[in-house]
Amino acid sequence: MNLLTKVLVTIGSSASIGFGIWHFFVPKAWKWYSYIDINATELVAAVRAINVFFSLSLVLFGIVNLLFIYGGKSSSYSIIVMLAATSIMWVTRSVFQLIYPQGSISPVLQYGMLLAFLIVTFCYIVSLLIMVSQKTVV
């Protein structure tokens with residue numbers, strides 16, 4: 001495992017974990033539920049469940065990537081699979097930000113989010129490409 005891969009995965013994973021933790025607090029900070037009819041209790045429960053699942057997924061993906069990169073028991077194959085899954089997740093998030101931008105009330109927020117998503121995507125994709133290029137054919 002080369003140093004560049006470790007640095008890039010650490011940056012991407014730290015950002016993923018940070019976004020995940022932050023996203024646990026987004027509904028309250030942005031008053032999500034004030035936009036939903038008070039009688040739509042199932043919708044509130046669904047939004048809450050999706051947000052918790054999403055937030056926890058970001059945190060867990062970040063932690064698992066770090067454990068794979070720094071743990072001594074991971075195979076190249078397992079690291080490649082995890083980096084591929086994480087790369088797909090972040091590419092998808094970046095594409096969604098381009099097509100259906102969030103934070104459009106402020107260009108700084110909208111493009112700041114896009115830049116952050118692209119940086120995380122870059123970290124994971126470059127790490128994945130490095131790992132794939134170092135994988136020996138058996």
# chains A, B, ... in the order shown; residues from 1 in each chain; ligands from 1
$ closest_atom_pairs --of "segment 44-78 of chain A" --to "segment 107-128 of chain A" --cutoff "12 Å" --atoms "only C-alpha atoms" --output "Markdown table"
| residue | atom | partner | partner_atom | distance |
| --- | --- | --- | --- | --- |
| A:Leu58 | CA | A:Val120 | CA | 11.9 |
| A:Phe61 | CA | A:Tyr124 | CA | 11.5 |
| A:Gly62 | CA | A:Tyr124 | CA | 10.6 |
| A:Asn65 | CA | A:Tyr124 | CA | 9.7 |
| A:Leu66 | CA | A:Tyr124 | CA | 11.7 |
| A:Ile69 | CA | A:Ser127 | CA | 10.3 |
| A:Ser76 | CA | A:Leu128 | CA | 10.3 |
| A:Tyr77 | CA | A:Leu128 | CA | 10.7 |
| A:Ser78 | CA | A:Leu128 | CA | 11.3 |
$ write_last_selection --atoms "all heavy atoms" --output "mmCIF file, in the first residue's frame"
data_model
loop_
_atom_site.group_PDB
_atom_site.id
_atom_site.type_symbol
_atom_site.label_atom_id
_atom_site.label_comp_id
_atom_site.auth_asym_id
_atom_site.auth_seq_id
_atom_site.Cartn_x
_atom_site.Cartn_y
_atom_site.Cartn_z
ATOM 1 N N LEU A 58 -22.754 6.691 5.237
ATOM 2 C CA LEU A 58 -21.568 7.504 4.985
ATOM 3 C C LEU A 58 -20.504 7.275 6.056
ATOM 4 O O LEU A 58 -19.320 7.109 5.747
ATOM 5 C CB LEU A 58 -21.926 8.992 4.938
ATOM 6 C CG LEU A 58 -22.627 9.494 3.696
ATOM 7 C CD1 LEU A 58 -23.009 10.957 3.860
ATOM 8 C CD2 LEU A 58 -21.748 9.326 2.468
ATOM 9 N N PHE A 61 -19.118 3.581 5.623
ATOM 10 C CA PHE A 61 -18.250 3.455 4.445
ATOM 11 C C PHE A 61 -16.888 4.089 4.738
ATOM 12 O O PHE A 61 -15.853 3.527 4.389
ATOM 13 C CB PHE A 61 -18.879 4.129 3.220
ATOM 14 C CG PHE A 61 -19.701 3.219 2.356
ATOM 15 C CD1 PHE A 61 -21.037 2.972 2.647
ATOM 16 C CD2 PHE A 61 -19.147 2.625 1.240
ATOM 17 C CE1 PHE A 61 -21.803 2.150 1.843
ATOM 18 C CE2 PHE A 61 -19.909 1.791 0.424
ATOM 19 C CZ PHE A 61 -21.238 1.547 0.734
ATOM 20 N N GLY A 62 -16.904 5.259 5.346
ATOM 21 C CA GLY A 62 -15.647 5.922 5.677
ATOM 22 C C GLY A 62 -14.805 5.118 6.653
ATOM 23 O O GLY A 62 -13.597 4.940 6.452
ATOM 24 N N ASN A 65 -13.435 1.847 4.955
ATOM 25 C CA ASN A 65 -12.299 2.150 4.082
ATOM 26 C C ASN A 65 -11.028 2.374 4.889
ATOM 27 O O ASN A 65 -9.958 1.890 4.521
ATOM 28 C CB ASN A 65 -12.595 3.371 3.203
ATOM 29 C CG ASN A 65 -13.306 3.008 1.928
ATOM 30 O OD1 ASN A 65 -12.892 2.111 1.217
ATOM 31 N ND2 ASN A 65 -14.389 3.705 1.640
ATOM 32 N N LEU A 66 -11.121 3.109 5.979
ATOM 33 C CA LEU A 66 -9.943 3.339 6.829
ATOM 34 C C LEU A 66 -9.432 2.043 7.436
ATOM 35 O O LEU A 66 -8.215 1.794 7.471
ATOM 36 C CB LEU A 66 -10.274 4.351 7.930
ATOM 37 C CG LEU A 66 -10.470 5.791 7.473
ATOM 38 C CD1 LEU A 66 -10.953 6.661 8.631
ATOM 39 C CD2 LEU A 66 -9.187 6.358 6.879
ATOM 40 N N ILE A 69 -7.640 0.067 4.708
ATOM 41 C CA ILE A 69 -6.363 0.658 4.292
ATOM 42 C C ILE A 69 -5.297 0.510 5.376
ATOM 43 O O ILE A 69 -4.140 0.223 5.080
ATOM 44 C CB ILE A 69 -6.567 2.149 3.920
ATOM 45 C CG1 ILE A 69 -7.378 2.278 2.643
ATOM 46 C CG2 ILE A 69 -5.234 2.878 3.783
ATOM 47 C CD1 ILE A 69 -6.720 1.715 1.399
ATOM 48 N N SER A 76 -5.837 -6.977 -1.229
ATOM 49 C CA SER A 76 -5.998 -5.961 -2.274
ATOM 50 C C SER A 76 -7.398 -6.039 -2.870
ATOM 51 O O SER A 76 -8.015 -5.018 -3.160
ATOM 52 C CB SER A 76 -4.963 -6.162 -3.380
ATOM 53 O OG SER A 76 -3.680 -5.901 -2.895
ATOM 54 N N TYR A 77 -7.895 -7.255 -3.051
ATOM 55 C CA TYR A 77 -9.221 -7.452 -3.623
ATOM 56 C C TYR A 77 -10.300 -6.772 -2.775
ATOM 57 O O TYR A 77 -11.154 -6.045 -3.304
ATOM 58 C CB TYR A 77 -9.518 -8.949 -3.757
ATOM 59 C CG TYR A 77 -10.892 -9.230 -4.304
ATOM 60 C CD1 TYR A 77 -11.156 -9.105 -5.663
ATOM 61 C CD2 TYR A 77 -11.933 -9.608 -3.462
ATOM 62 C CE1 TYR A 77 -12.422 -9.346 -6.168
ATOM 63 C CE2 TYR A 77 -13.206 -9.853 -3.958
ATOM 64 C CZ TYR A 77 -13.439 -9.722 -5.311
ATOM 65 O OH TYR A 77 -14.696 -9.952 -5.804
ATOM 66 N N SER A 78 -10.255 -6.972 -1.459
ATOM 67 C CA SER A 78 -11.287 -6.378 -0.593
ATOM 68 C C SER A 78 -11.191 -4.857 -0.605
ATOM 69 O O SER A 78 -12.217 -4.164 -0.602
ATOM 70 C CB SER A 78 -11.190 -6.920 0.833
ATOM 71 O OG SER A 78 -9.958 -6.590 1.429
#
$ atom_distance --atom1 "atom CA of Met1 of chain A" --atom2 "atom CA of Ser94 of chain A"
27.1 Å
$ residues_around --residues "Phe25 of chain A" --least-positions-apart "6" --cutoff "10 Å" --atoms "only C-alpha atoms" --output "ChimeraX atom specification"
/A:31,51-52,55
$ write_last_selection --atoms "all heavy atoms" --output "PDB file, in the first residue's frame"
ATOM      1  N   LYS A  31     -34.614  22.585   9.360  1.00  0.00           N
ATOM      2  CA  LYS A  31     -36.058  22.537   9.650  1.00  0.00           C
ATOM      3  C   LYS A  31     -36.835  21.782   8.569  1.00  0.00           C
ATOM      4  O   LYS A  31     -37.863  22.248   8.067  1.00  0.00           O
ATOM      5  CB  LYS A  31     -36.609  23.947   9.832  1.00  0.00           C
ATOM      6  CG  LYS A  31     -35.961  24.678  10.979  1.00  0.00           C
ATOM      7  CD  LYS A  31     -36.482  26.077  11.125  1.00  0.00           C
ATOM      8  CE  LYS A  31     -35.852  26.694  12.341  1.00  0.00           C
ATOM      9  NZ  LYS A  31     -35.135  27.890  12.133  1.00  0.00           N
ATOM     10  N   ASN A  51     -32.840   9.438   6.215  1.00  0.00           N
ATOM     11  CA  ASN A  51     -31.708  10.274   6.609  1.00  0.00           C
ATOM     12  C   ASN A  51     -30.769   9.535   7.557  1.00  0.00           C
ATOM     13  O   ASN A  51     -29.549   9.616   7.407  1.00  0.00           O
ATOM     14  CB  ASN A  51     -32.182  11.579   7.248  1.00  0.00           C
ATOM     15  CG  ASN A  51     -31.015  12.499   7.485  1.00  0.00           C
ATOM     16  OD1 ASN A  51     -30.362  12.955   6.537  1.00  0.00           O
ATOM     17  ND2 ASN A  51     -30.698  12.744   8.740  1.00  0.00           N
ATOM     18  N   VAL A  52     -31.315   8.809   8.522  1.00  0.00           N
ATOM     19  CA  VAL A  52     -30.468   8.049   9.444  1.00  0.00           C
ATOM     20  C   VAL A  52     -29.697   6.973   8.680  1.00  0.00           C
ATOM     21  O   VAL A  52     -28.492   6.792   8.878  1.00  0.00           O
ATOM     22  CB  VAL A  52     -31.295   7.439  10.598  1.00  0.00           C
ATOM     23  CG1 VAL A  52     -30.485   6.422  11.392  1.00  0.00           C
ATOM     24  CG2 VAL A  52     -31.801   8.542  11.523  1.00  0.00           C
ATOM     25  N   SER A  55     -26.997   8.754   6.574  1.00  0.00           N
ATOM     26  CA  SER A  55     -25.936   9.281   7.427  1.00  0.00           C
ATOM     27  C   SER A  55     -25.059   8.162   7.966  1.00  0.00           C
ATOM     28  O   SER A  55     -23.821   8.247   7.927  1.00  0.00           O
ATOM     29  CB  SER A  55     -26.545  10.070   8.594  1.00  0.00           C
ATOM     30  OG  SER A  55     -27.351  11.115   8.116  1.00  0.00           O
TER      31      SER A  55
END
$ closest_residue --among "A:Met89, A:Ala46, A:Ile130, A:Val26" --to "Thr5 of chain A" --atoms "only C-alpha atoms"
A:Ile130
$ closest_residue --among "A:Ser87, A:Ser16, A:Ser57, A:Ser34" --to "Leu129 of chain A" --atoms "only C-alpha atoms"
A:Ser87
$ closest_residue --among "A:Ile50, A:Leu98, A:Val9, A:Leu83" --to "Val132 of chain A" --atoms "only C-alpha atoms"
A:Leu83
$ atom_distance --atom1 "atom CA of Thr10 of chain A" --atom2 "atom CA of Phe24 of chain A"
21.2 Å
$ atom_distance --atom1 "atom CA of Phe96 of chain A" --atom2 "atom CA of Asp37 of chain A"
26.3 Å
$ select_by_dssp --residues "segment 22-130 of chain A" --states "helix (DSSP H, G or I)" --output "PyMOL selection string"
chain A and resi 22-29+32-35+41-70+76-99+107-130
$ write_last_selection --atoms "C-alpha atoms" --output "mmCIF file, in the first residue's frame"
data_model
loop_
_atom_site.group_PDB
_atom_site.id
_atom_site.type_symbol
_atom_site.label_atom_id
_atom_site.label_comp_id
_atom_site.auth_asym_id
_atom_site.auth_seq_id
_atom_site.Cartn_x
_atom_site.Cartn_y
_atom_site.Cartn_z
ATOM 1 C CA TRP A 22 -23.163 16.350 9.946
ATOM 2 C CA HIS A 23 -26.120 14.868 8.088
ATOM 3 C CA PHE A 24 -27.559 13.420 11.304
ATOM 4 C CA PHE A 25 -28.204 17.042 12.331
ATOM 5 C CA VAL A 26 -29.342 18.431 8.962
ATOM 6 C CA PRO A 27 -33.101 17.828 9.408
ATOM 7 C CA LYS A 28 -33.205 19.914 12.564
ATOM 8 C CA ALA A 29 -30.728 22.549 11.364
ATOM 9 C CA TRP A 32 -36.934 19.787 7.184
ATOM 10 C CA TYR A 33 -40.083 18.759 8.999
ATOM 11 C CA SER A 34 -41.565 22.252 8.871
ATOM 12 C CA TYR A 35 -42.095 21.672 5.130
ATOM 13 C CA THR A 41 -46.590 11.269 10.302
ATOM 14 C CA GLU A 42 -45.614 8.365 8.040
ATOM 15 C CA LEU A 43 -43.806 10.739 5.700
ATOM 16 C CA VAL A 44 -41.899 12.258 8.636
ATOM 17 C CA ALA A 45 -40.961 8.745 9.791
ATOM 18 C CA ALA A 46 -39.836 7.811 6.270
ATOM 19 C CA VAL A 47 -37.702 10.946 5.856
ATOM 20 C CA ARG A 48 -36.170 10.365 9.285
ATOM 21 C CA ALA A 49 -35.402 6.715 8.502
ATOM 22 C CA ILE A 50 -33.856 7.524 5.113
ATOM 23 C CA ASN A 51 -31.708 10.274 6.609
ATOM 24 C CA VAL A 52 -30.468 8.049 9.444
ATOM 25 C CA PHE A 53 -29.715 5.227 6.996
ATOM 26 C CA PHE A 54 -27.912 7.610 4.635
ATOM 27 C CA SER A 55 -25.936 9.281 7.427
ATOM 28 C CA LEU A 56 -24.946 5.973 8.983
ATOM 29 C CA SER A 57 -23.944 4.600 5.571
ATOM 30 C CA LEU A 58 -21.568 7.504 4.985
ATOM 31 C CA VAL A 59 -19.992 7.039 8.406
ATOM 32 C CA LEU A 60 -19.660 3.269 8.004
ATOM 33 C CA PHE A 61 -18.250 3.455 4.445
ATOM 34 C CA GLY A 62 -15.647 5.922 5.677
ATOM 35 C CA ILE A 63 -14.708 3.808 8.695
ATOM 36 C CA VAL A 64 -14.549 0.559 6.703
ATOM 37 C CA ASN A 65 -12.299 2.150 4.082
ATOM 38 C CA LEU A 66 -9.943 3.339 6.829
ATOM 39 C CA LEU A 67 -9.946 -0.078 8.486
ATOM 40 C CA PHE A 68 -9.177 -1.763 5.164
ATOM 41 C CA ILE A 69 -6.363 0.658 4.292
ATOM 42 C CA TYR A 70 -4.697 0.687 7.711
ATOM 43 C CA SER A 76 -5.998 -5.961 -2.274
ATOM 44 C CA TYR A 77 -9.221 -7.452 -3.623
ATOM 45 C CA SER A 78 -11.287 -6.378 -0.593
ATOM 46 C CA ILE A 79 -9.820 -2.883 -0.706
ATOM 47 C CA ILE A 80 -10.534 -2.587 -4.446
ATOM 48 C CA VAL A 81 -14.126 -3.764 -3.988
ATOM 49 C CA MET A 82 -14.733 -1.302 -1.157
ATOM 50 C CA LEU A 83 -13.098 1.595 -3.025
ATOM 51 C CA ALA A 84 -15.148 0.748 -6.139
ATOM 52 C CA ALA A 85 -18.402 0.801 -4.161
ATOM 53 C CA THR A 86 -17.464 4.056 -2.450
ATOM 54 C CA SER A 87 -16.367 5.623 -5.738
ATOM 55 C CA ILE A 88 -19.692 4.732 -7.359
ATOM 56 C CA MET A 89 -21.546 6.234 -4.405
ATOM 57 C CA TRP A 90 -19.628 9.531 -4.614
ATOM 58 C CA VAL A 91 -19.757 9.745 -8.418
ATOM 59 C CA THR A 92 -23.519 9.359 -8.133
ATOM 60 C CA ARG A 93 -23.705 12.097 -5.483
ATOM 61 C CA SER A 94 -21.592 14.430 -7.614
ATOM 62 C CA VAL A 95 -23.732 13.800 -10.714
ATOM 63 C CA PHE A 96 -26.889 14.476 -8.706
ATOM 64 C CA GLN A 97 -25.386 17.758 -7.497
ATOM 65 C CA LEU A 98 -24.782 18.739 -11.116
ATOM 66 C CA ILE A 99 -28.242 17.711 -12.378
ATOM 67 C CA PRO A 107 -24.133 29.908 -5.260
ATOM 68 C CA VAL A 108 -21.369 29.570 -2.667
ATOM 69 C CA LEU A 109 -23.240 26.732 -0.959
ATOM 70 C CA GLN A 110 -24.279 25.043 -4.210
ATOM 71 C CA TYR A 111 -20.841 25.095 -5.801
ATOM 72 C CA GLY A 112 -19.065 24.558 -2.494
ATOM 73 C CA MET A 113 -21.009 21.325 -2.070
ATOM 74 C CA LEU A 114 -20.190 20.313 -5.644
ATOM 75 C CA LEU A 115 -16.497 21.014 -5.105
ATOM 76 C CA ALA A 116 -16.468 19.038 -1.856
ATOM 77 C CA PHE A 117 -18.235 16.088 -3.506
ATOM 78 C CA LEU A 118 -15.824 16.176 -6.454
ATOM 79 C CA ILE A 119 -12.797 16.233 -4.136
ATOM 80 C CA VAL A 120 -14.055 13.191 -2.229
ATOM 81 C CA THR A 121 -14.844 11.461 -5.531
ATOM 82 C CA PHE A 122 -11.358 12.263 -6.825
ATOM 83 C CA CYS A 123 -9.714 10.867 -3.672
ATOM 84 C CA TYR A 124 -11.566 7.573 -3.936
ATOM 85 C CA ILE A 125 -11.240 7.129 -7.714
ATOM 86 C CA VAL A 126 -7.512 7.872 -7.756
ATOM 87 C CA SER A 127 -7.018 5.469 -4.829
ATOM 88 C CA LEU A 128 -9.009 2.831 -6.682
ATOM 89 C CA LEU A 129 -6.979 3.315 -9.870
ATOM 90 C CA ILE A 130 -3.713 3.051 -7.919
#
$ decode --residues "segment 29-41 of chain A" --atoms "C-alpha atoms" --output "mmCIF file, in the first residue's frame"
data_model
loop_
_atom_site.group_PDB
_atom_site.id
_atom_site.type_symbol
_atom_site.label_atom_id
_atom_site.label_comp_id
_atom_site.auth_asym_id
_atom_site.auth_seq_id
_atom_site.Cartn_x
_atom_site.Cartn_y
_atom_site.Cartn_z
ATOM 1 C CA ALA A 29 -30.728 22.549 11.364
ATOM 2 C CA TRP A 30 -32.590 23.103 8.099
ATOM 3 C CA LYS A 31 -36.058 22.537 9.650
ATOM 4 C CA TRP A 32 -36.934 19.787 7.184
ATOM 5 C CA TYR A 33 -40.083 18.759 8.999
ATOM 6 C CA SER A 34 -41.565 22.252 8.871
ATOM 7 C CA TYR A 35 -42.095 21.672 5.130
ATOM 8 C CA ILE A 36 -44.142 18.534 5.756
ATOM 9 C CA ASP A 37 -47.805 18.561 6.778
ATOM 10 C CA ILE A 38 -48.071 17.861 10.505
ATOM 11 C CA ASN A 39 -50.581 15.083 9.792
ATOM 12 C CA ALA A 40 -48.171 13.249 7.476
ATOM 13 C CA THR A 41 -46.590 11.269 10.302
#
